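Below is start.cif, holding mmCIF, C-alpha atoms and all ligand atoms.
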```cif
data_run
loop_
_atom_site.label_atom_id
_atom_site.label_comp_id
_atom_site.auth_asym_id
_atom_site.auth_seq_id
_atom_site.Cartn_x
_atom_site.Cartn_y
_atom_site.Cartn_z
CA MET A 242 105.57 79.03 116.94
CA THR A 243 104.52 80.29 113.55
CA LEU A 244 105.22 83.94 114.34
CA ASP A 245 108.94 83.66 113.69
CA ARG A 246 108.28 83.04 110.00
CA PRO A 247 108.32 86.07 107.71
CA ALA A 248 105.00 87.85 107.32
CA ALA A 249 103.05 87.10 104.16
CA ILE A 250 100.54 89.79 105.08
CA ALA A 251 101.30 92.76 107.32
CA ALA A 252 98.81 95.55 107.78
CA THR A 253 98.96 98.39 110.26
CA GLY A 254 96.43 101.06 111.11
CA LEU A 255 93.94 99.88 108.49
CA ARG A 256 91.00 102.28 108.28
CA LYS A 257 87.89 102.29 106.13
CA ALA A 258 84.63 104.18 106.41
CA TYR A 259 81.54 104.23 104.21
CA GLY A 260 80.10 107.69 104.70
CA GLU A 261 79.45 108.10 108.40
CA GLN A 262 79.95 104.43 109.10
CA THR A 263 83.41 103.44 110.27
CA VAL A 264 83.96 99.83 109.23
CA LEU A 265 87.65 99.43 110.10
CA ASP A 266 88.90 101.68 112.87
CA GLY A 267 92.66 101.20 112.64
CA ILE A 268 93.32 97.47 112.68
CA ASP A 269 96.67 95.67 112.61
CA LEU A 270 97.09 92.21 111.10
CA THR A 271 100.14 90.00 110.69
CA VAL A 272 99.93 86.65 108.95
CA ALA A 273 103.00 84.42 108.90
CA GLU A 274 103.98 82.69 105.65
CA GLY A 275 102.60 79.20 105.16
CA THR A 276 99.92 79.56 107.82
CA VAL A 277 96.15 79.89 107.92
CA PHE A 278 94.81 83.08 109.46
CA SER A 279 91.11 83.33 110.08
CA LEU A 280 89.18 86.54 110.48
CA LEU A 281 85.93 86.10 112.37
CA GLY A 282 83.24 88.58 113.20
CA PRO A 283 79.51 89.08 113.34
CA ASN A 284 77.55 89.96 110.20
CA GLY A 285 78.66 93.28 108.78
CA ALA A 286 81.78 93.47 110.96
CA GLY A 287 83.97 94.24 107.96
CA LYS A 288 85.50 90.86 107.07
CA THR A 289 84.77 91.13 103.35
CA THR A 290 85.88 94.76 103.38
CA THR A 291 89.22 93.66 104.88
CA VAL A 292 89.66 90.97 102.23
CA GLN A 293 88.79 93.46 99.48
CA ILE A 294 91.35 95.94 100.78
CA LEU A 295 94.14 93.39 101.25
CA SER A 296 93.49 91.94 97.80
CA THR A 297 93.59 95.40 96.10
CA LEU A 298 89.91 95.37 95.11
CA ILE A 299 89.09 98.50 97.12
CA GLN A 300 91.25 101.18 98.71
CA ALA A 301 91.65 101.73 102.41
CA ASP A 302 91.27 105.25 103.80
CA GLY A 303 94.45 104.80 105.79
CA GLY A 304 97.07 102.36 106.95
CA SER A 305 99.98 100.53 105.38
CA ILE A 306 99.81 97.09 103.85
CA SER A 307 102.35 94.64 102.58
CA VAL A 308 101.32 91.39 100.90
CA ALA A 309 103.81 88.73 99.76
CA GLY A 310 106.61 91.25 100.15
CA HIS A 311 104.96 93.94 97.98
CA ASP A 312 103.90 97.26 99.40
CA LEU A 313 100.26 97.55 98.35
CA ALA A 314 100.26 101.33 97.86
CA ALA A 315 103.44 101.35 95.79
CA ASP A 316 103.08 98.08 93.92
CA ALA A 317 99.47 96.89 93.67
CA ASP A 318 100.35 94.92 90.53
CA GLY A 319 103.02 93.03 92.45
CA VAL A 320 100.42 92.13 95.07
CA ARG A 321 97.90 91.08 92.39
CA GLY A 322 100.50 88.83 90.77
CA ALA A 323 101.15 87.01 94.04
CA ILE A 324 97.61 86.44 95.31
CA GLY A 325 94.48 84.50 94.52
CA VAL A 326 91.00 85.37 95.69
CA THR A 327 87.93 83.21 95.85
CA GLY A 328 85.04 85.22 97.12
CA GLN A 329 81.42 84.77 97.93
CA PHE A 330 80.74 85.58 94.28
CA SER A 331 82.52 83.00 92.24
CA ALA A 332 84.44 83.77 89.07
CA VAL A 333 83.06 80.66 87.37
CA ASP A 334 81.50 81.30 83.93
CA ASN A 335 78.41 79.15 83.37
CA LEU A 336 78.54 79.45 79.60
CA LEU A 337 81.84 77.57 79.49
CA THR A 338 82.55 74.02 80.61
CA GLY A 339 84.59 73.40 83.76
CA GLU A 340 87.62 72.64 81.61
CA GLU A 341 87.14 75.76 79.46
CA ASN A 342 86.92 77.89 82.61
CA LEU A 343 90.33 76.58 83.66
CA LEU A 344 91.81 77.04 80.17
CA LEU A 345 90.55 80.62 80.19
CA MET A 346 92.34 81.22 83.49
CA ALA A 347 95.50 79.68 81.97
CA ASP A 348 95.22 82.20 79.11
CA LEU A 349 94.72 85.07 81.54
CA HIS A 350 97.90 84.00 83.29
CA HIS A 351 99.70 83.86 79.93
CA LEU A 352 100.56 80.17 80.15
CA ASP A 353 101.38 78.70 76.76
CA ARG A 354 98.86 76.26 75.23
CA HIS A 355 100.69 73.13 76.24
CA GLU A 356 101.32 74.26 79.82
CA GLY A 357 97.74 75.53 80.12
CA ARG A 358 96.37 72.13 79.10
CA ARG A 359 98.75 70.33 81.44
CA ARG A 360 97.81 72.49 84.44
CA THR A 361 94.10 72.21 83.60
CA ALA A 362 94.24 68.41 83.55
CA GLU A 363 96.27 68.40 86.78
CA LEU A 364 93.82 70.69 88.61
CA LEU A 365 90.75 68.79 87.36
CA GLU A 366 92.33 65.61 88.67
CA ARG A 367 93.35 67.18 91.97
CA PHE A 368 89.83 68.40 92.69
CA ASP A 369 88.13 65.26 91.46
CA LEU A 370 86.49 67.11 88.59
CA THR A 371 87.87 65.16 85.62
CA ASP A 372 84.56 63.40 84.96
CA ALA A 373 82.70 66.70 85.11
CA ALA A 374 85.24 68.59 82.98
CA ALA A 375 83.07 68.71 79.84
CA LYS A 376 79.95 69.83 81.68
CA ALA A 377 78.81 73.38 82.31
CA PRO A 378 79.27 74.44 85.96
CA SER A 379 75.52 75.18 86.12
CA MET A 380 75.16 71.38 86.24
CA TYR A 381 77.60 71.13 89.17
CA SER A 382 76.72 70.80 92.83
CA GLY A 383 77.61 73.72 95.12
CA GLY A 384 80.68 71.86 96.32
CA MET A 385 81.90 71.14 92.78
CA ARG A 386 81.54 74.83 91.88
CA ARG A 387 83.60 75.85 94.91
CA LYS A 388 86.25 73.34 93.97
CA LEU A 389 86.32 74.62 90.39
CA ASP A 390 86.54 78.17 91.71
CA LEU A 391 89.50 77.25 93.91
CA ALA A 392 91.13 75.32 91.05
CA MET A 393 90.81 78.45 88.86
CA THR A 394 92.46 80.51 91.58
CA LEU A 395 95.35 78.04 91.74
CA MET A 396 96.07 78.38 88.01
CA GLY A 397 98.08 81.50 88.85
CA ASP A 398 100.17 79.69 91.46
CA PRO A 399 99.36 82.25 94.17
CA LYS A 400 101.58 82.60 97.23
CA VAL A 401 98.73 84.08 99.28
CA ILE A 402 95.10 83.04 98.89
CA PHE A 403 92.12 84.95 100.27
CA LEU A 404 89.18 82.68 100.90
CA ASP A 405 86.05 84.62 101.75
CA GLU A 406 83.58 82.19 103.31
CA PRO A 407 84.72 79.29 101.10
CA THR A 408 82.36 76.70 102.54
CA THR A 409 79.19 78.65 103.32
CA GLY A 410 76.20 76.54 102.39
CA LEU A 411 78.18 73.38 101.70
CA ASP A 412 77.21 70.08 103.28
CA PRO A 413 79.58 68.78 105.99
CA ARG A 414 81.21 66.20 103.73
CA THR A 415 81.99 68.67 100.94
CA ARG A 416 83.19 71.14 103.56
CA ARG A 417 85.69 68.54 104.72
CA THR A 418 86.90 68.02 101.15
CA MET A 419 87.54 71.77 100.91
CA TRP A 420 89.38 71.67 104.24
CA GLU A 421 91.63 68.93 102.90
CA ALA A 422 92.39 71.01 99.80
CA ILE A 423 93.21 74.01 102.01
CA ARG A 424 95.49 71.93 104.25
CA GLU A 425 97.35 70.61 101.19
CA LEU A 426 97.92 74.14 99.95
CA VAL A 427 99.31 75.21 103.31
CA ALA A 428 101.55 72.15 103.43
CA GLY A 429 102.90 73.36 100.09
CA GLY A 430 103.83 76.72 101.64
CA VAL A 431 100.81 78.81 100.59
CA THR A 432 99.42 81.37 103.05
CA ILE A 433 95.66 81.41 103.55
CA PHE A 434 93.58 84.34 104.75
CA LEU A 435 90.20 82.88 105.58
CA THR A 436 86.94 84.44 106.60
CA THR A 437 84.27 82.10 107.78
CA GLN A 438 80.93 82.00 109.54
CA TYR A 439 81.75 78.59 110.93
CA LEU A 440 83.75 78.74 114.12
CA GLU A 441 84.39 75.03 113.79
CA GLU A 442 86.11 75.78 110.47
CA ALA A 443 88.42 78.34 112.06
CA ASP A 444 89.09 75.91 114.88
CA GLU A 445 90.00 73.15 112.41
CA LEU A 446 92.11 75.12 109.98
CA ALA A 447 93.48 78.31 111.46
CA ASP A 448 96.88 78.72 113.08
CA ARG A 449 95.72 82.10 114.33
CA ILE A 450 92.31 83.66 114.64
CA ALA A 451 91.31 87.30 114.98
CA LEU A 452 87.90 88.46 116.06
CA LEU A 453 86.70 91.69 114.43
CA ASP A 454 83.93 93.69 116.09
CA HIS A 455 82.91 97.36 115.96
CA GLY A 456 85.84 98.17 113.70
CA LYS A 457 88.51 96.74 116.02
CA ILE A 458 90.29 93.45 116.52
CA VAL A 459 88.86 92.51 119.92
CA ALA A 460 90.90 89.32 120.35
CA GLU A 461 93.65 87.51 118.50
CA GLY A 462 95.50 84.29 119.11
CA THR A 463 95.50 80.57 118.53
CA SER A 464 92.22 78.79 119.01
CA ASP A 465 93.42 77.53 122.41
CA GLU A 466 94.56 80.98 123.51
CA LEU A 467 91.17 82.43 122.65
CA LYS A 468 89.36 79.69 124.51
CA ARG A 469 91.45 80.40 127.59
CA LEU A 470 90.29 84.05 127.53
CA ILE A 471 86.90 83.18 128.88
CA PRO A 472 85.67 81.14 131.80
CA GLY A 473 83.34 78.21 131.28
CA GLY A 474 85.65 75.21 131.54
CA HIS A 475 84.63 72.52 133.97
CA LEU A 476 85.19 68.94 135.03
CA ARG A 477 82.20 66.66 134.92
CA LEU A 478 82.08 63.74 137.31
CA GLN A 479 79.63 60.96 136.61
CA PHE A 480 78.43 58.64 139.40
CA ASP A 481 76.65 55.29 139.55
CA ASP A 482 75.29 55.91 143.03
CA PRO A 483 73.32 58.97 144.34
CA ALA A 484 75.06 58.67 147.72
CA GLU A 485 78.44 59.17 146.04
CA LEU A 486 77.08 62.22 144.20
CA ASP A 487 75.83 63.63 147.52
CA GLN A 488 79.17 63.20 149.16
CA ALA A 489 81.04 64.69 146.20
CA ALA A 490 78.70 67.70 146.10
CA ARG A 491 79.56 68.36 149.76
CA THR A 492 83.27 67.92 149.11
CA PHE A 493 83.54 70.39 146.22
CA ALA A 494 82.38 73.89 147.07
CA GLY A 495 81.17 75.80 144.02
CA SER A 496 80.15 72.67 142.16
CA THR A 497 76.82 72.26 140.37
CA ARG A 498 74.93 69.00 140.68
CA ASP A 499 72.65 67.40 138.16
CA ASP A 500 70.64 64.83 140.11
CA ALA A 501 68.81 63.40 137.10
CA ALA A 502 72.10 62.64 135.33
CA LEU A 503 73.94 61.67 138.57
CA ALA A 504 76.62 64.16 137.56
CA LEU A 505 78.56 66.96 139.18
CA GLN A 506 80.20 69.92 137.42
CA ILE A 507 83.25 71.48 139.02
CA PRO A 508 84.56 74.78 137.57
CA SER A 509 88.10 74.20 136.27
CA ASP A 510 90.35 75.40 133.49
CA GLY A 511 91.24 71.76 132.88
CA ASP A 512 94.93 72.06 133.71
CA VAL A 513 96.82 69.18 135.26
CA HIS A 514 97.12 70.80 138.72
CA SER A 515 93.40 71.33 139.20
CA LEU A 516 92.67 67.88 137.79
CA ARG A 517 95.13 66.30 140.24
CA ALA A 518 93.63 68.27 143.15
CA VAL A 519 90.15 66.97 142.32
CA LEU A 520 91.39 63.38 142.05
CA ASP A 521 93.22 63.73 145.39
CA HIS A 522 90.07 65.01 147.09
CA LEU A 523 88.08 62.10 145.67
CA ASP A 524 90.71 59.65 146.91
CA VAL A 525 90.89 61.10 150.40
CA ALA A 526 87.10 61.08 150.74
CA SER A 527 86.91 57.59 149.17
CA ILE A 528 84.32 58.70 146.64
CA GLU A 529 83.72 56.30 143.73
CA VAL A 530 83.46 58.06 140.35
CA ALA A 531 82.21 56.24 137.26
CA SER A 532 83.81 58.67 134.82
CA LEU A 533 85.44 62.07 134.59
CA THR A 534 85.44 64.37 131.56
CA VAL A 535 87.17 67.71 130.99
CA HIS A 536 85.15 70.39 129.18
CA THR A 537 86.90 73.44 127.76
CA PRO A 538 84.99 76.38 126.25
CA ASP A 539 84.66 76.27 122.47
CA LEU A 540 85.00 79.14 120.02
CA ASP A 541 81.24 79.69 120.13
CA ASP A 542 81.56 80.55 123.82
CA VAL A 543 84.44 82.91 123.03
CA PHE A 544 82.53 84.59 120.22
CA LEU A 545 79.48 85.10 122.39
CA ALA A 546 81.48 86.38 125.34
CA LEU A 547 83.52 88.86 123.31
CA THR A 548 80.92 90.18 120.86
CA GLY A 549 77.81 89.76 122.98
CA ARG A 550 76.20 87.98 120.04
CA PRO A 551 76.11 84.34 119.04
CA ALA A 552 78.05 83.41 115.90
CA GLU A 553 75.93 83.90 112.80
CA ALA A 554 75.83 80.25 111.98
CA ALA A 555 75.88 78.94 115.52
CA GLU A 556 72.52 77.28 115.21
CA GLU A 557 73.19 75.96 111.76
CA ALA A 558 76.49 74.45 112.87
CA ALA A 559 75.11 73.14 116.15
CA GLY A 560 74.10 69.80 114.66
CA GLU A 561 77.60 69.16 113.42
CA THR A 562 79.25 70.33 116.61
CA ALA A 563 77.04 68.05 118.65
CA GLU A 564 78.03 65.18 116.39
CA LYS A 565 81.67 66.06 116.86
CA GLU A 566 81.33 66.17 120.65
CA THR A 567 79.92 62.66 120.78
CA VAL A 568 82.66 61.06 118.70
CA ARG A 569 85.42 62.58 120.81
N1 LIG B 601 80.15 99.55 99.02
C1 LIG B 601 79.64 99.81 100.23
N2 LIG B 601 78.99 100.95 100.47
C2 LIG B 601 78.48 101.23 101.68
N3 LIG B 601 78.57 100.40 102.75
C3 LIG B 601 79.20 99.25 102.57
C4 LIG B 601 79.78 98.87 101.31
N4 LIG B 601 80.36 97.65 101.46
C5 LIG B 601 80.15 97.28 102.72
N5 LIG B 601 79.46 98.23 103.41
C6 LIG B 601 79.10 98.16 104.82
O1 LIG B 601 80.27 97.93 105.58
C7 LIG B 601 80.00 97.02 106.64
C8 LIG B 601 80.95 95.83 106.57
O2 LIG B 601 80.60 95.04 105.46
P1 LIG B 601 81.35 93.68 105.14
O3 LIG B 601 80.70 93.09 103.93
O4 LIG B 601 82.80 93.92 105.07
O5 LIG B 601 81.02 92.82 106.42
P2 LIG B 601 81.28 91.27 106.69
O6 LIG B 601 81.94 91.18 108.01
O7 LIG B 601 81.98 90.66 105.53
O8 LIG B 601 79.80 90.74 106.80
P3 LIG B 601 79.13 89.34 106.32
O9 LIG B 601 79.52 88.32 107.34
O10 LIG B 601 77.70 89.68 106.37
O11 LIG B 601 79.66 89.05 104.94
C9 LIG B 601 78.54 96.65 106.54
O12 LIG B 601 77.81 97.42 107.44
C10 LIG B 601 78.19 97.00 105.13
O13 LIG B 601 76.84 97.37 105.04
#
```
Would you mind giving the structure from this file in structure tokens?
Ligand SMILES: Nc1ncnc2c1ncn2[C@@H]1O[C@H](COP(=O)(O)OP(=O)(O)OP(=O)(O)O)[C@@H](O)[C@H]1O
Amino acid sequence: MTLDRPAAIAATGLRKAYGEQTVLDGIDLTVAEGTVFSLLGPNGAGKTTTVQILSTLIQADGGSISVAGHDLAADADGVRGAIGVTGQFSAVDNLLTGEENLLLMADLHHLDRHEGRRRTAELLERFDLTDAAAKAPSMYSGGMRRKLDLAMTLMGDPKVIFLDEPTTGLDPRTRRTMWEAIRELVAGGVTIFLTTQYLEEADELADRIALLDHGKIVAEGTSDELKRLIPGGHLRLQFDDPAELDQAARTFAGSTRDDAALALQIPSDGDVHSLRAVLDHLDVASIEVASLTVHTPDLDDVFLALTGRPAEAAEEAAGETAEKETVR
């Protein structure tokens, strides 16, 4: 369990309002060192506001925050020195080349000339940008810009990195490259605070996920824990013969049959006991099944059930998710 590690981010009673509008209504967050924590929520839920508060860009109205061991109220500079932020608005300067952008960051972090050049070359190499180093980022693809942006963030060797929607708008392949980079950082001990519109991204990367809605954290846990919060899991039995389907439909009360597909859905949370019970029933009744698959709810189902709205990018991501389902 990751919770027994020290907290890289600990926030309690975080509050923020804009005029009459309460955005954060007293939220608590704990992120263990060297883990990925993902904050999800519908549009306007306050994800960016949370990132801005935790990264010292704006002030909360209330609550206490510690980041990388520094109390944010007492030592904002200490927090700033330990974190990196890549936001929806990138820090990349289009008038400089990719390499010059990195060298500028090295200067800002007071690295000496030699060290700055060494780190720049290393980061260009790491993000596969060496060939593009002498070009202006305006010539880069969206994915290359994001990689440059992340590389610039890494120049300061941050212990905690806030990634606000790091892969929005990227094609699936480039998104995967970013995921790899994020995983490498975590393997190196960095803590990642991630907001994303893609539930699949949270599912892939996050050790823990929190769902923000109407100013509160409405659910928090591992991806599996969240999926277990809602019903929707089922076993799907596939038959070669309609007579077998008939018999199975009579055997399992509460099942739903799909005659066209010669399939039967039986509600189940997919645990070993219920699976064994179904197999025993099939055996006793001598019913021949062509195949059996276990379906557990995905994060989209959880999001919809808990917020009453589909995830912002649900439709956009549907193509990819469908692809993923078929290769499983
Ligand atoms: N500077 C501001 N002044 C007034 N209202 C603001 C300000 N910044 C954000 N808000 C409001 O606070 C709410 C939360 O905004 P925030 O950007 O944190 O949401 P989000 O969860 O990041 O949304 P998205 O997924 O659209 O980026 C929104 O209703 C937004 O309109």
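Taking only C-alpha atoms into account, the polymer residues that have an atom no farther than 12 Å from (82.6, 83.8, 125.4) are Leu452, Ala460, Leu467, Lys468, Arg469, Leu470, Ile471, Pro472, Gly473, Gly474, Thr537, Pro538, Asp539, Leu540, Asp541, Asp542, Val543, Phe544, Leu545, Ala546, Leu547, Thr548, Gly549, Arg550, Pro551 and Ala552 of chain A.
Atom CA of A:Ile402 lies 19.6 Å from atom CA of A:Thr415.
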Using all atoms listed in the file, find each protein or nucleic acid residue lying at most 9 Å from ligand LIG 601 (chain B); present the set as a short mmCIF file (atom, residue, chain, number, x, y, z; two decimals) with C-alpha atoms, keeping the file's coordinate frame.
```cif
data_model
loop_
_atom_site.label_atom_id
_atom_site.label_comp_id
_atom_site.auth_asym_id
_atom_site.auth_seq_id
_atom_site.Cartn_x
_atom_site.Cartn_y
_atom_site.Cartn_z
CA LYS A 257 87.89 102.29 106.13
CA ALA A 258 84.63 104.18 106.41
CA TYR A 259 81.54 104.23 104.21
CA GLY A 260 80.10 107.69 104.70
CA GLN A 262 79.95 104.43 109.10
CA THR A 263 83.41 103.44 110.27
CA VAL A 264 83.96 99.83 109.23
CA LEU A 265 87.65 99.43 110.10
CA LEU A 280 89.18 86.54 110.48
CA LEU A 281 85.93 86.10 112.37
CA GLY A 282 83.24 88.58 113.20
CA PRO A 283 79.51 89.08 113.34
CA ASN A 284 77.55 89.96 110.20
CA GLY A 285 78.66 93.28 108.78
CA ALA A 286 81.78 93.47 110.96
CA GLY A 287 83.97 94.24 107.96
CA LYS A 288 85.50 90.86 107.07
CA THR A 289 84.77 91.13 103.35
CA THR A 290 85.88 94.76 103.38
CA THR A 291 89.22 93.66 104.88
CA VAL A 292 89.66 90.97 102.23
CA GLN A 293 88.79 93.46 99.48
CA GLN A 329 81.42 84.77 97.93
CA ASP A 405 86.05 84.62 101.75
CA GLU A 406 83.58 82.19 103.31
CA THR A 436 86.94 84.44 106.60
CA THR A 437 84.27 82.10 107.78
CA GLN A 438 80.93 82.00 109.54
CA LEU A 453 86.70 91.69 114.43
CA ASP A 454 83.93 93.69 116.09
CA GLY A 456 85.84 98.17 113.70
CA GLU A 553 75.93 83.90 112.80
#
```
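Close contacts of A:Ala484, defined as residues with an atom at most 10 Å away when counting all atoms listed in the file, with chain neighbours fewer than 3 positions off set aside, comprise Phe480, Asp481, Asp487, Gln488, Ala489, Ala490, Leu503, Ile528 and Glu529 of chain A.
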message: What's the separation between atom CA of A:Val326 and atom CA of A:Pro413, in Å to one decimal place?
response: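 Answer for the atom CA of A:Val326 to atom CA of A:Pro413 separation: 22.6 Å.
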- prompt: Can you tell me, as an MDAnalysis selection string, what residues are no more than 9 Å from A:Trp420 when counting only C-alpha atoms, ignoring any on the same chain fewer than 3 positions away?
  reply: chainID A and resid 408 415:417 423:425 442 445:446
Put those residues in a file: C-alpha atoms, as a PDB file, in the frame of the given file.
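Saved to again.pdb:
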```pdb
ATOM      1  CA  THR A 408      82.360  76.700 102.540  1.00  0.00           C
ATOM      2  CA  THR A 415      81.990  68.670 100.940  1.00  0.00           C
ATOM      3  CA  ARG A 416      83.190  71.140 103.560  1.00  0.00           C
ATOM      4  CA  ARG A 417      85.690  68.540 104.720  1.00  0.00           C
ATOM      5  CA  ILE A 423      93.210  74.010 102.010  1.00  0.00           C
ATOM      6  CA  ARG A 424      95.490  71.930 104.250  1.00  0.00           C
ATOM      7  CA  GLU A 425      97.350  70.610 101.190  1.00  0.00           C
ATOM      8  CA  GLU A 442      86.110  75.780 110.470  1.00  0.00           C
ATOM      9  CA  GLU A 445      90.000  73.150 112.410  1.00  0.00           C
ATOM     10  CA  LEU A 446      92.110  75.120 109.980  1.00  0.00           C
TER      11      LEU A 446
END
```
- request: Please provide as a list of chain:residue names all residues within 9 Å of A:Val308, with the sequence filter that same-chain residues fewer than 4 positions apart are discarded (counting only C-alpha atoms).
  value: A:Ala248, A:Ala249, A:Ile250, A:Ala251, A:Ala252, A:Leu295, A:Ser296, A:Asp312, A:Leu313, A:Gly319, A:Val320, A:Ala323, A:Ile324, A:Val401
task: Point out the residue among A:Asp302, A:Asp448, A:Glu356, A:Asp521 with the least atom-to-atom distance to A:Ala314, counting only C-alpha atoms.
output: A:Asp302
field: Straight-line distance linking atom CA of A:Leu337 with atom CA of A:Met393, stated in Å to one decimal
entry: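 Taking atom CA of A:Leu337 and atom CA of A:Met393, their separation equals 13.0 Å.
Nearest residue to A:Ile299, choosing from A:His522, A:Arg246, A:His311, A:Arg256 and counting only C-alpha atoms: A:Arg256.
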message: Counting all atoms listed in the file, which residues sit no farther than 9 Å from the position (80.3, 67.1, 142.4) in the file's frame? I'd like them as a PyMOL selection string.
response: chain A and resi 477-479+485-499+504-507
